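Q: Below is the file my_file_36.txt, with compact mmCIF, C-alpha atoms.
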```txt
# COMPACT_ATOMS: atom_id res chain seq x y z
CA MET A 914 0.00 0.00 0.00
CA LYS A 915 1.15 3.51 -0.82
CA THR A 916 2.28 5.72 2.07
CA LEU A 917 1.21 9.35 2.38
CA TRP A 918 4.16 10.26 4.61
CA PRO A 919 5.85 12.72 2.19
CA GLN A 920 2.64 14.79 2.01
CA ILE A 921 1.95 14.49 5.74
CA GLU A 922 5.47 15.46 6.80
CA ARG A 923 5.12 18.83 5.06
CA LEU A 924 2.08 19.63 7.19
CA LEU A 925 3.60 18.89 10.59
CA LEU A 926 5.59 22.11 10.96
CA GLY A 927 2.39 24.13 10.95
CA VAL A 928 0.32 22.17 13.49
CA SER A 929 0.34 21.71 17.24
CA LYS A 930 1.62 18.46 18.75
CA PRO A 931 2.86 16.75 15.58
CA ALA A 932 3.65 13.65 17.68
CA ARG A 933 -0.06 12.84 17.37
CA TYR A 934 0.42 11.85 13.74
CA ILE A 935 3.84 10.23 13.39
CA GLY A 936 3.41 6.86 15.11
CA GLY A 937 6.56 5.16 16.38
CA GLU A 938 5.29 4.47 19.91
CA GLN A 939 6.68 1.53 21.82
CA GLY A 940 4.25 -1.28 21.12
CA ALA A 941 3.30 0.03 17.67
CA GLN A 942 3.27 -2.64 14.97
CA TYR A 943 4.09 -2.32 11.29
CA PRO A 944 2.37 -5.30 9.65
CA GLU A 945 2.98 -6.28 6.07
CA HIS A 946 -0.09 -5.82 3.90
CA GLY A 947 -0.71 -8.32 1.15
CA PRO A 948 -3.08 -10.76 -0.58
CA GLY A 949 -5.02 -13.01 1.75
CA LYS A 950 -4.89 -10.50 4.61
CA VAL A 951 -7.83 -8.37 5.71
CA ALA A 952 -6.63 -4.82 6.41
CA TRP A 953 -8.25 -3.20 9.47
CA LEU A 954 -8.05 0.45 10.37
CA LEU A 955 -9.00 0.80 14.05
CA LEU A 956 -10.34 4.29 14.63
CA TYR A 957 -10.99 6.15 17.84
CA PRO A 958 -13.17 9.13 16.88
CA ASP A 959 -11.48 11.59 19.20
CA THR A 960 -8.03 13.09 19.52
CA TYR A 961 -4.88 11.02 19.95
CA GLU A 962 -4.53 12.00 23.61
CA ILE A 963 -7.94 10.56 24.44
CA GLY A 964 -7.93 7.61 22.07
CA LEU A 965 -4.49 6.06 22.55
CA PRO A 966 -5.04 4.78 26.14
CA ASN A 967 -8.33 3.09 25.17
CA GLN A 968 -7.99 -0.55 26.16
CA GLY A 969 -10.60 -1.87 23.75
CA LEU A 970 -8.69 -0.55 20.75
CA GLN A 971 -5.35 -1.79 22.06
CA ILE A 972 -6.76 -5.27 22.72
CA LEU A 973 -8.13 -5.66 19.19
CA TYR A 974 -4.92 -4.17 17.77
CA GLU A 975 -2.86 -7.00 19.28
CA ILE A 976 -5.35 -9.78 18.61
CA LEU A 977 -5.73 -8.92 14.92
CA ASN A 978 -2.02 -8.47 14.30
CA GLU A 979 -1.37 -11.90 15.79
CA ARG A 980 -3.50 -13.46 13.05
CA PRO A 981 -1.78 -14.55 9.81
CA ASP A 982 -4.82 -13.42 7.78
CA ALA A 983 -5.17 -9.89 9.19
CA VAL A 984 -3.28 -6.64 9.62
CA ALA A 985 -4.35 -3.75 11.84
CA GLU A 986 -3.28 -0.14 12.08
CA ARG A 987 -4.69 2.81 14.03
CA SER A 988 -6.08 6.27 13.40
CA TYR A 989 -7.51 9.07 15.54
CA ALA A 990 -9.39 12.28 14.88
CA PRO A 991 -6.92 15.01 13.90
CA TRP A 992 -7.03 18.26 15.80
CA VAL A 993 -8.73 21.16 14.00
CA ASP A 994 -5.46 22.68 12.77
CA MET A 995 -4.32 19.40 11.23
CA GLU A 996 -7.72 18.70 9.68
CA GLU A 997 -7.74 22.14 8.09
CA ALA A 998 -4.25 21.58 6.69
CA MET A 999 -5.15 18.09 5.42
CA ARG A 1000 -8.25 19.30 3.61
CA ALA A 1001 -6.39 22.24 2.09
CA ALA A 1002 -3.58 19.96 0.83
CA GLY A 1003 -5.91 17.18 -0.32
CA VAL A 1004 -4.51 14.68 2.21
CA PRO A 1005 -7.11 12.11 3.33
CA LEU A 1006 -7.37 10.44 6.72
CA PHE A 1007 -4.44 8.07 7.29
CA SER A 1008 -3.09 5.45 9.69
CA VAL A 1009 -0.48 6.57 12.21
CA GLU A 1010 1.79 3.54 11.71
CA GLN A 1011 2.53 3.48 7.98
CA HIS A 1012 0.49 6.53 6.96
CA VAL A 1013 -1.69 4.57 4.55
CA ALA A 1014 -4.88 6.25 3.35
CA ALA A 1015 -7.93 5.08 5.30
CA ARG A 1016 -9.84 4.36 2.08
CA ASP A 1017 -7.22 1.73 1.15
CA PHE A 1018 -8.15 -0.49 4.11
CA ASP A 1019 -10.79 -3.22 3.89
CA ILE A 1020 -12.44 -2.33 7.19
CA MET A 1021 -12.74 0.95 9.06
CA ALA A 1022 -13.66 -0.06 12.62
CA PHE A 1023 -14.82 2.67 15.01
CA ASN A 1024 -14.87 2.53 18.81
CA LEU A 1025 -18.05 4.24 20.03
CA SER A 1026 -17.36 5.17 23.63
CA ALA A 1027 -19.86 8.03 23.88
CA GLU A 1028 -22.71 9.50 21.87
CA LEU A 1029 -20.81 12.78 21.68
CA VAL A 1030 -18.38 11.25 19.15
CA TYR A 1031 -21.12 10.38 16.63
CA THR A 1032 -20.48 13.58 14.66
CA ASN A 1033 -16.74 12.82 14.70
CA VAL A 1034 -17.49 9.45 13.08
CA LEU A 1035 -19.21 11.18 10.17
CA ASN A 1036 -16.41 13.71 9.86
CA LEU A 1037 -13.75 10.98 9.75
CA ILE A 1038 -15.63 8.99 7.10
CA ASP A 1039 -15.80 12.15 5.03
CA LEU A 1040 -12.12 12.97 5.68
CA ALA A 1041 -11.25 9.45 4.53
CA GLU A 1042 -12.92 10.24 1.18
CA VAL A 1043 -15.30 7.32 1.63
CA PRO A 1044 -18.96 7.86 0.67
CA LEU A 1045 -20.77 9.01 3.78
CA HIS A 1046 -23.95 6.96 3.29
CA VAL A 1047 -23.98 3.17 3.23
CA SER A 1048 -26.26 3.24 0.19
CA ASP A 1049 -23.64 5.14 -1.84
CA ARG A 1050 -20.75 2.73 -1.21
CA GLY A 1051 -19.65 0.12 -3.71
CA PRO A 1052 -17.80 -3.20 -3.41
CA ASP A 1053 -14.41 -1.46 -3.53
CA ASP A 1054 -15.15 0.88 -0.61
CA PRO A 1055 -14.16 -0.11 2.94
CA LEU A 1056 -16.70 -1.67 5.25
CA VAL A 1057 -17.52 0.71 8.10
CA ILE A 1058 -18.02 -1.18 11.36
CA ALA A 1059 -18.65 0.20 14.84
CA GLY A 1060 -18.46 -1.34 18.31
CA GLY A 1061 -18.17 -0.26 21.91
CA HIS A 1062 -20.76 0.63 24.53
CA CYS A 1063 -22.67 3.05 22.32
CA ALA A 1064 -23.17 0.41 19.64
CA PHE A 1065 -26.10 -0.65 21.84
CA ASN A 1066 -27.83 2.51 20.57
CA PRO A 1067 -27.05 2.19 16.85
CA GLU A 1068 -30.09 3.81 15.24
CA PRO A 1069 -28.66 7.37 14.96
CA LEU A 1070 -25.84 6.00 12.77
CA VAL A 1071 -27.59 3.31 10.72
CA ASP A 1072 -27.38 5.34 7.49
CA PHE A 1073 -23.61 5.57 7.78
CA VAL A 1074 -22.37 2.30 9.33
CA ASP A 1075 -22.40 -1.08 7.56
CA ALA A 1076 -22.43 -3.19 10.72
CA PHE A 1077 -22.46 -2.80 14.50
CA VAL A 1078 -20.88 -5.24 16.96
CA MET A 1079 -22.74 -5.72 20.23
CA GLY A 1080 -20.74 -6.77 23.28
CA ASP A 1081 -17.17 -8.01 23.71
CA GLY A 1082 -14.95 -7.90 20.64
CA GLU A 1083 -12.16 -10.38 21.34
CA GLU A 1084 -13.84 -13.40 19.74
CA VAL A 1085 -16.11 -11.75 17.20
CA ALA A 1086 -13.26 -9.78 15.57
CA GLY A 1087 -11.73 -13.03 14.29
CA GLU A 1088 -15.08 -14.25 12.99
CA ILE A 1089 -15.67 -10.99 11.14
CA ASN A 1090 -12.16 -11.23 9.70
CA GLU A 1091 -12.93 -14.69 8.28
CA VAL A 1092 -16.20 -13.51 6.73
CA VAL A 1093 -14.64 -10.46 5.11
CA GLY A 1094 -11.60 -12.45 3.98
CA ALA A 1095 -13.81 -14.97 2.18
CA TRP A 1096 -15.74 -12.13 0.53
CA LEU A 1097 -12.56 -10.38 -0.61
CA ALA A 1098 -11.27 -13.65 -2.08
CA GLN A 1099 -14.05 -13.54 -4.70
CA PRO A 1100 -13.34 -11.91 -8.07
CA SER A 1101 -13.85 -8.17 -7.78
CA ASP A 1102 -16.49 -8.11 -10.52
CA GLU A 1103 -18.55 -10.69 -8.60
CA ARG A 1104 -18.44 -9.09 -5.15
CA GLN A 1105 -21.67 -7.55 -3.96
CA ARG A 1106 -21.96 -5.61 -0.74
CA ASN A 1107 -25.23 -7.33 0.11
CA ASP A 1108 -23.43 -10.69 0.15
CA VAL A 1109 -21.01 -9.66 2.88
CA TRP A 1110 -23.86 -8.03 4.83
CA LEU A 1111 -25.73 -11.34 4.87
CA ALA A 1112 -22.63 -13.22 5.96
CA LEU A 1113 -21.93 -10.70 8.72
CA ALA A 1114 -25.52 -10.85 9.96
CA ALA A 1115 -25.05 -14.59 10.52
CA VAL A 1116 -22.26 -13.85 13.02
CA GLU A 1117 -23.59 -13.71 16.57
CA GLY A 1118 -23.48 -10.20 17.95
CA VAL A 1119 -23.39 -8.38 14.60
CA TYR A 1120 -26.23 -6.04 13.60
CA VAL A 1121 -26.39 -5.04 9.92
CA PRO A 1122 -28.90 -2.16 9.67
CA SER A 1123 -29.38 -2.44 5.90
CA LEU A 1124 -30.98 -5.86 6.41
CA TYR A 1125 -33.61 -4.54 8.83
CA GLU A 1126 -36.50 -2.10 8.70
CA SER A 1127 -37.27 0.09 11.68
CA SER A 1128 -40.67 1.52 12.51
CA TYR A 1129 -41.49 4.47 14.75
CA GLU A 1130 -44.49 5.86 16.60
CA ASP A 1131 -44.47 9.43 17.88
CA GLY A 1132 -40.74 9.59 17.25
CA ARG A 1133 -39.98 6.45 19.26
CA LEU A 1134 -38.51 3.24 17.88
CA VAL A 1135 -41.08 0.46 18.33
CA ALA A 1136 -39.82 -2.37 16.11
CA THR A 1137 -36.90 -3.54 14.00
CA VAL A 1138 -37.64 -6.46 11.69
CA PRO A 1139 -35.53 -8.31 9.09
CA VAL A 1140 -36.23 -7.57 5.43
CA GLN A 1141 -34.39 -10.58 3.97
CA ALA A 1142 -34.64 -14.30 4.61
CA GLY A 1143 -32.04 -15.83 6.87
CA VAL A 1144 -31.46 -12.66 8.87
CA PRO A 1145 -31.91 -13.20 12.64
CA ALA A 1146 -34.86 -11.41 14.22
CA GLU A 1147 -32.78 -10.63 17.32
CA VAL A 1148 -29.12 -9.77 17.74
CA VAL A 1149 -27.58 -11.30 20.86
CA LYS A 1150 -24.58 -9.53 22.37
CA ARG A 1151 -21.24 -11.30 22.52
CA THR A 1152 -19.83 -12.18 25.92
CA VAL A 1153 -16.31 -13.43 26.60
CA THR A 1154 -16.83 -15.97 29.36
CA ASP A 1155 -13.26 -16.28 30.65
CA LEU A 1156 -10.99 -13.24 30.76
CA ALA A 1157 -8.05 -15.48 31.60
CA ASP A 1158 -8.05 -16.59 27.96
CA TRP A 1159 -7.47 -13.00 26.82
CA PRO A 1160 -4.51 -11.46 28.72
CA TYR A 1161 -4.43 -8.34 26.55
CA PRO A 1162 -2.94 -5.89 25.94
CA SER A 1163 0.31 -7.72 26.61
CA HIS A 1164 2.44 -4.99 25.00
CA PRO A 1165 0.56 -1.74 25.75
CA LEU A 1166 1.27 1.29 23.62
CA VAL A 1167 3.61 3.84 25.20
CA PRO A 1168 2.91 7.31 23.75
CA LEU A 1169 5.48 9.81 22.57
CA THR A 1170 3.45 12.72 23.93
CA GLU A 1171 1.22 13.34 26.92
CA VAL A 1172 -2.11 11.51 26.93
CA VAL A 1173 -5.04 11.52 29.35
CA HIS A 1174 -4.20 8.19 31.02
CA ASP A 1175 -0.42 8.10 30.87
CA ARG A 1176 0.04 4.98 32.98
CA LEU A 1177 -0.29 1.23 32.78
CA ASN A 1178 -3.91 0.06 32.77
CA VAL A 1179 -4.83 -3.51 33.71
CA GLU A 1180 -8.44 -4.72 33.55
CA VAL A 1181 -9.25 -6.79 36.64
CA PHE A 1182 -12.81 -7.76 35.78
CA ARG A 1183 -15.62 -6.99 33.35
CA GLY A 1184 -19.25 -6.39 34.21
CA CYS A 1185 -20.93 -5.12 37.38
CA THR A 1186 -23.75 -6.27 39.64
CA ARG A 1187 -24.46 -3.09 41.57
CA GLY A 1188 -27.23 -1.97 39.21
CA CYS A 1189 -26.69 1.79 39.54
CA ARG A 1190 -29.51 3.41 37.59
CA PHE A 1191 -27.27 6.00 35.96
CA CYS A 1192 -24.76 3.46 34.63
CA GLN A 1193 -25.29 2.17 31.10
CA ALA A 1194 -22.06 0.17 31.16
CA GLY A 1195 -23.09 -1.69 34.31
CA MET A 1196 -26.23 -2.92 32.58
CA ILE A 1197 -24.82 -3.94 29.20
CA THR A 1198 -21.60 -5.66 30.32
CA ARG A 1199 -23.11 -8.26 32.66
CA PRO A 1200 -22.34 -10.87 33.91
CA VAL A 1201 -19.31 -10.21 36.10
CA ARG A 1202 -16.19 -12.04 34.92
CA GLU A 1203 -13.05 -11.71 37.03
CA ARG A 1204 -9.49 -12.03 35.87
CA PRO A 1205 -7.49 -14.40 38.11
CA ALA A 1206 -5.48 -12.49 40.72
CA GLU A 1207 -2.27 -14.25 39.70
CA GLN A 1208 -2.80 -13.16 36.09
CA VAL A 1209 -3.40 -9.58 37.20
CA LYS A 1210 -0.14 -9.66 39.14
CA GLU A 1211 1.69 -11.06 36.12
CA MET A 1212 0.18 -8.49 33.73
CA VAL A 1213 1.16 -5.66 36.06
CA SER A 1214 4.72 -6.96 36.44
CA LYS A 1215 5.25 -7.51 32.70
CA GLY A 1216 3.44 -4.33 31.74
CA LEU A 1217 5.57 -2.14 34.00
CA ALA A 1218 8.77 -3.76 32.72
CA TRP A 1219 7.66 -3.35 29.10
CA SER A 1220 6.36 0.21 29.29
CA GLY A 1221 8.66 1.87 31.81
CA HIS A 1222 5.67 3.25 33.70
CA ASP A 1223 5.89 3.51 37.47
CA GLU A 1224 2.12 3.87 37.90
CA VAL A 1225 -0.67 1.36 37.32
CA THR A 1226 -4.44 1.66 37.34
CA LEU A 1227 -6.62 -1.37 38.04
CA THR A 1228 -9.61 -0.86 35.77
CA SER A 1229 -13.18 -2.11 35.92
CA LEU A 1230 -16.64 -0.70 36.58
CA SER A 1231 -16.21 -1.23 40.34
CA THR A 1232 -12.64 -2.19 41.15
CA ALA A 1233 -13.33 -2.32 44.89
CA ASP A 1234 -15.45 -5.42 44.24
CA PHE A 1235 -12.53 -7.37 42.78
CA SER A 1236 -12.00 -10.38 45.04
CA GLY A 1237 -8.23 -10.34 44.56
CA LEU A 1238 -7.89 -6.73 45.72
CA LYS A 1239 -7.51 -7.58 49.40
CA THR A 1240 -5.01 -10.38 49.01
CA ARG A 1241 -2.10 -11.29 46.78
CA CYS A 1242 -2.86 -8.89 43.96
CA VAL A 1243 -2.46 -5.56 45.76
CA THR A 1244 0.07 -6.76 48.31
CA SER A 1245 2.44 -7.73 45.51
CA LEU A 1246 2.22 -4.26 43.97
CA ARG A 1247 4.09 -2.68 46.88
CA THR A 1248 7.48 -3.50 45.42
CA ARG A 1249 6.58 -3.06 41.75
CA CYS A 1250 5.42 0.53 41.36
CA THR A 1251 5.24 3.84 43.18
CA ARG A 1252 1.57 4.61 42.61
CA VAL A 1253 -1.57 2.50 42.16
CA GLY A 1254 -4.86 3.89 40.94
CA CYS A 1255 -8.22 2.27 41.61
CA ARG A 1256 -11.12 3.05 39.30
CA SER A 1257 -14.76 3.40 40.40
CA VAL A 1258 -14.55 2.88 44.16
CA CYS A 1259 -18.02 2.89 45.71
CA ARG A 1260 -18.36 5.28 48.65
CA HIS A 1261 -19.31 2.57 51.14
CA PHE A 1262 -16.19 0.51 50.43
CA GLU A 1263 -13.96 0.12 53.51
CA TRP A 1264 -10.51 1.05 52.23
CA MET A 1265 -7.42 -0.79 53.45
CA PRO A 1266 -4.42 1.56 53.27
CA SER A 1267 -2.15 -0.98 54.95
CA ARG A 1268 -2.27 -3.13 51.82
CA TRP A 1269 -1.58 -0.32 49.38
CA PRO A 1270 1.85 0.83 48.10
CA ARG A 1271 3.41 3.25 50.59
CA ARG A 1272 5.93 5.17 48.54
CA ARG A 1273 3.44 7.67 47.08
CA ARG A 1274 -0.17 8.49 47.66
CA SER A 1275 -2.38 6.37 45.46
CA LYS A 1276 -5.44 7.47 43.50
CA ARG A 1277 -9.03 6.53 44.00
CA CYS A 1278 -11.97 7.41 41.77
CA ALA A 1279 -15.11 7.46 43.94
CA VAL A 1280 -18.50 6.77 42.41
CA PRO A 1281 -21.62 8.33 43.97
CA ASP A 1282 -24.49 5.88 44.11
```
Show this structure as structure tokens.
A:
Amino acid sequence: MKTLWPQIERLLLGVSKPARYIGGEQGAQYPEHGPGKVAWLLLYPDTYEIGLPNQGLQILYEILNERPDAVAERSYAPWVDMEEAMRAAGVPLFSVEQHVAARDFDIMAFNLSAELVYTNVLNLIDLAEVPLHVSDRGPDDPLVIAGGHCAFNPEPLVDFVDAFVMGDGEEVAGEINEVVGAWLAQPSDERQRNDVWLALAAVEGVYVPSLYESSYEDGRLVATVPVQAGVPAEVVKRTVTDLADWPYPSHPLVPLTEVVHDRLNVEVFRGCTRGCRFCQAGMITRPVRERPAEQVKEMVSKGLAWSGHDEVTLTSLSTADFSGLKTRCVTSLRTRCTRVGCRSVCRHFEWMPSRWPRRRRSKRCAVPD
């Protein structure tokens, strides 16, 4: 694939924080594109500083690049000065690793972490010089796929996204890769977009809006029904049952510039049972699945050695509920890092400072409930 680096390099002197666009982070991969490999562009529709620490994107980045039939690169929303310069120079959206045009990838996969990024998704599709509407795309255009928590509310984006993935992505990413790979293996003059839509709809957890018809009453969605035979009437979310099988990211990305979560992040469990009424994530990520405490300890140890960080955050929707927190997991962190952060600590949790690293004050993120 052709690189856009010569055109991009000329723009960097006139924009703020050019490190956002050059790649080269520790942990970045430079896969070899070629026949028989599905090319993924993993997009976080916000700036580099916000998108790089996202664990979901980093997990899929490693999983896909471990496959012999896939390659994955990353892209983020350029800041306004860079977007203005790109549009003026005719430079389309590109990957940060090898600076390949987004339109040259087979799949553009968006992480939808919040509804506020929906407009950024449309802007990035347009900046990639890909037809904005699904109905205007042909067999040579990339497939636009979206996942993440906000994929559970897909209707605002159904005109622009080919397929949504509901639930955990570790397993379904490989299944999607196989479907798209088989479709791409067909002669180009025989490929029809509807064929890959039908094949994707057969994958559990994948919603293909073009194969459904939605009806509304008084502005409210009341029904979504299939319009073609063989399309499931309901889409069931994907759930990874055992986190121990997915110890990712094993080589987390280490940025070259400041980002919002500039530390090692290790997911200790997924899901939540507290049922807080304000929490969408707590409802859609059930059931609770814990990572073994020994694996958490190993991921922290290896992650700190790999990244050079001296700070780690144990991530989940309610880290204080992690059964390994009071025993081996936290105790072992005393000698491994200078600061430990704990995400989403409920206010009634009885903290145990004697088990926490003593060299620096650690962070807690309290959740009102």
Q: For the atom pair atom CA of A:Phe1023 and atom CA of A:Ile1058, what is the interatomic distance in Å to one decimal place?
A: 6.2 Å
Q: Which one is closest to A:Ala1098: A:Asp982, A:Asp1017, A:Glu1042, A:Asp1072? Count all atoms listed in the file.
A: A:Asp982
Q: Contacts of stretch 1207-1213 of chain A at 7 Å or less, counting all atoms listed in the file, minus same-chain residues fewer than 3 places along, as a VMD selection string?
A: chain A and resid 1179 1181 1204 1216 to 1217 1242
Q: Give the answer as one residue: which of A:Gln1141, A:Thr1154, A:Thr916, A:Asn978 has the shortest atom-to-atom distance to A:Gly940, using all atoms listed in the file?
A: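 Distance minimum relative to A:Gly940 lands on A:Asn978.
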Q: Please determine, counting all atoms listed in the file, which residue among A:Ala932, A:Ala998, A:Met1021, A:Ala990 has the shortest atom-to-atom distance to A:Val951.
A: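 The closest residue to A:Val951 is A:Met1021.
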Q: Please write out, as JSON, where the centre of an axis-aligned box around all listed atoms of stretch 986-996 of chain A lies and how long its edges are, in Å to one decimal, after adding 5 Å on each side.
A:
```
{"center_x": -6.3, "center_y": 11.3, "center_z": 12.7, "size_x": 16.1, "size_y": 32.8, "size_z": 16.1}
```
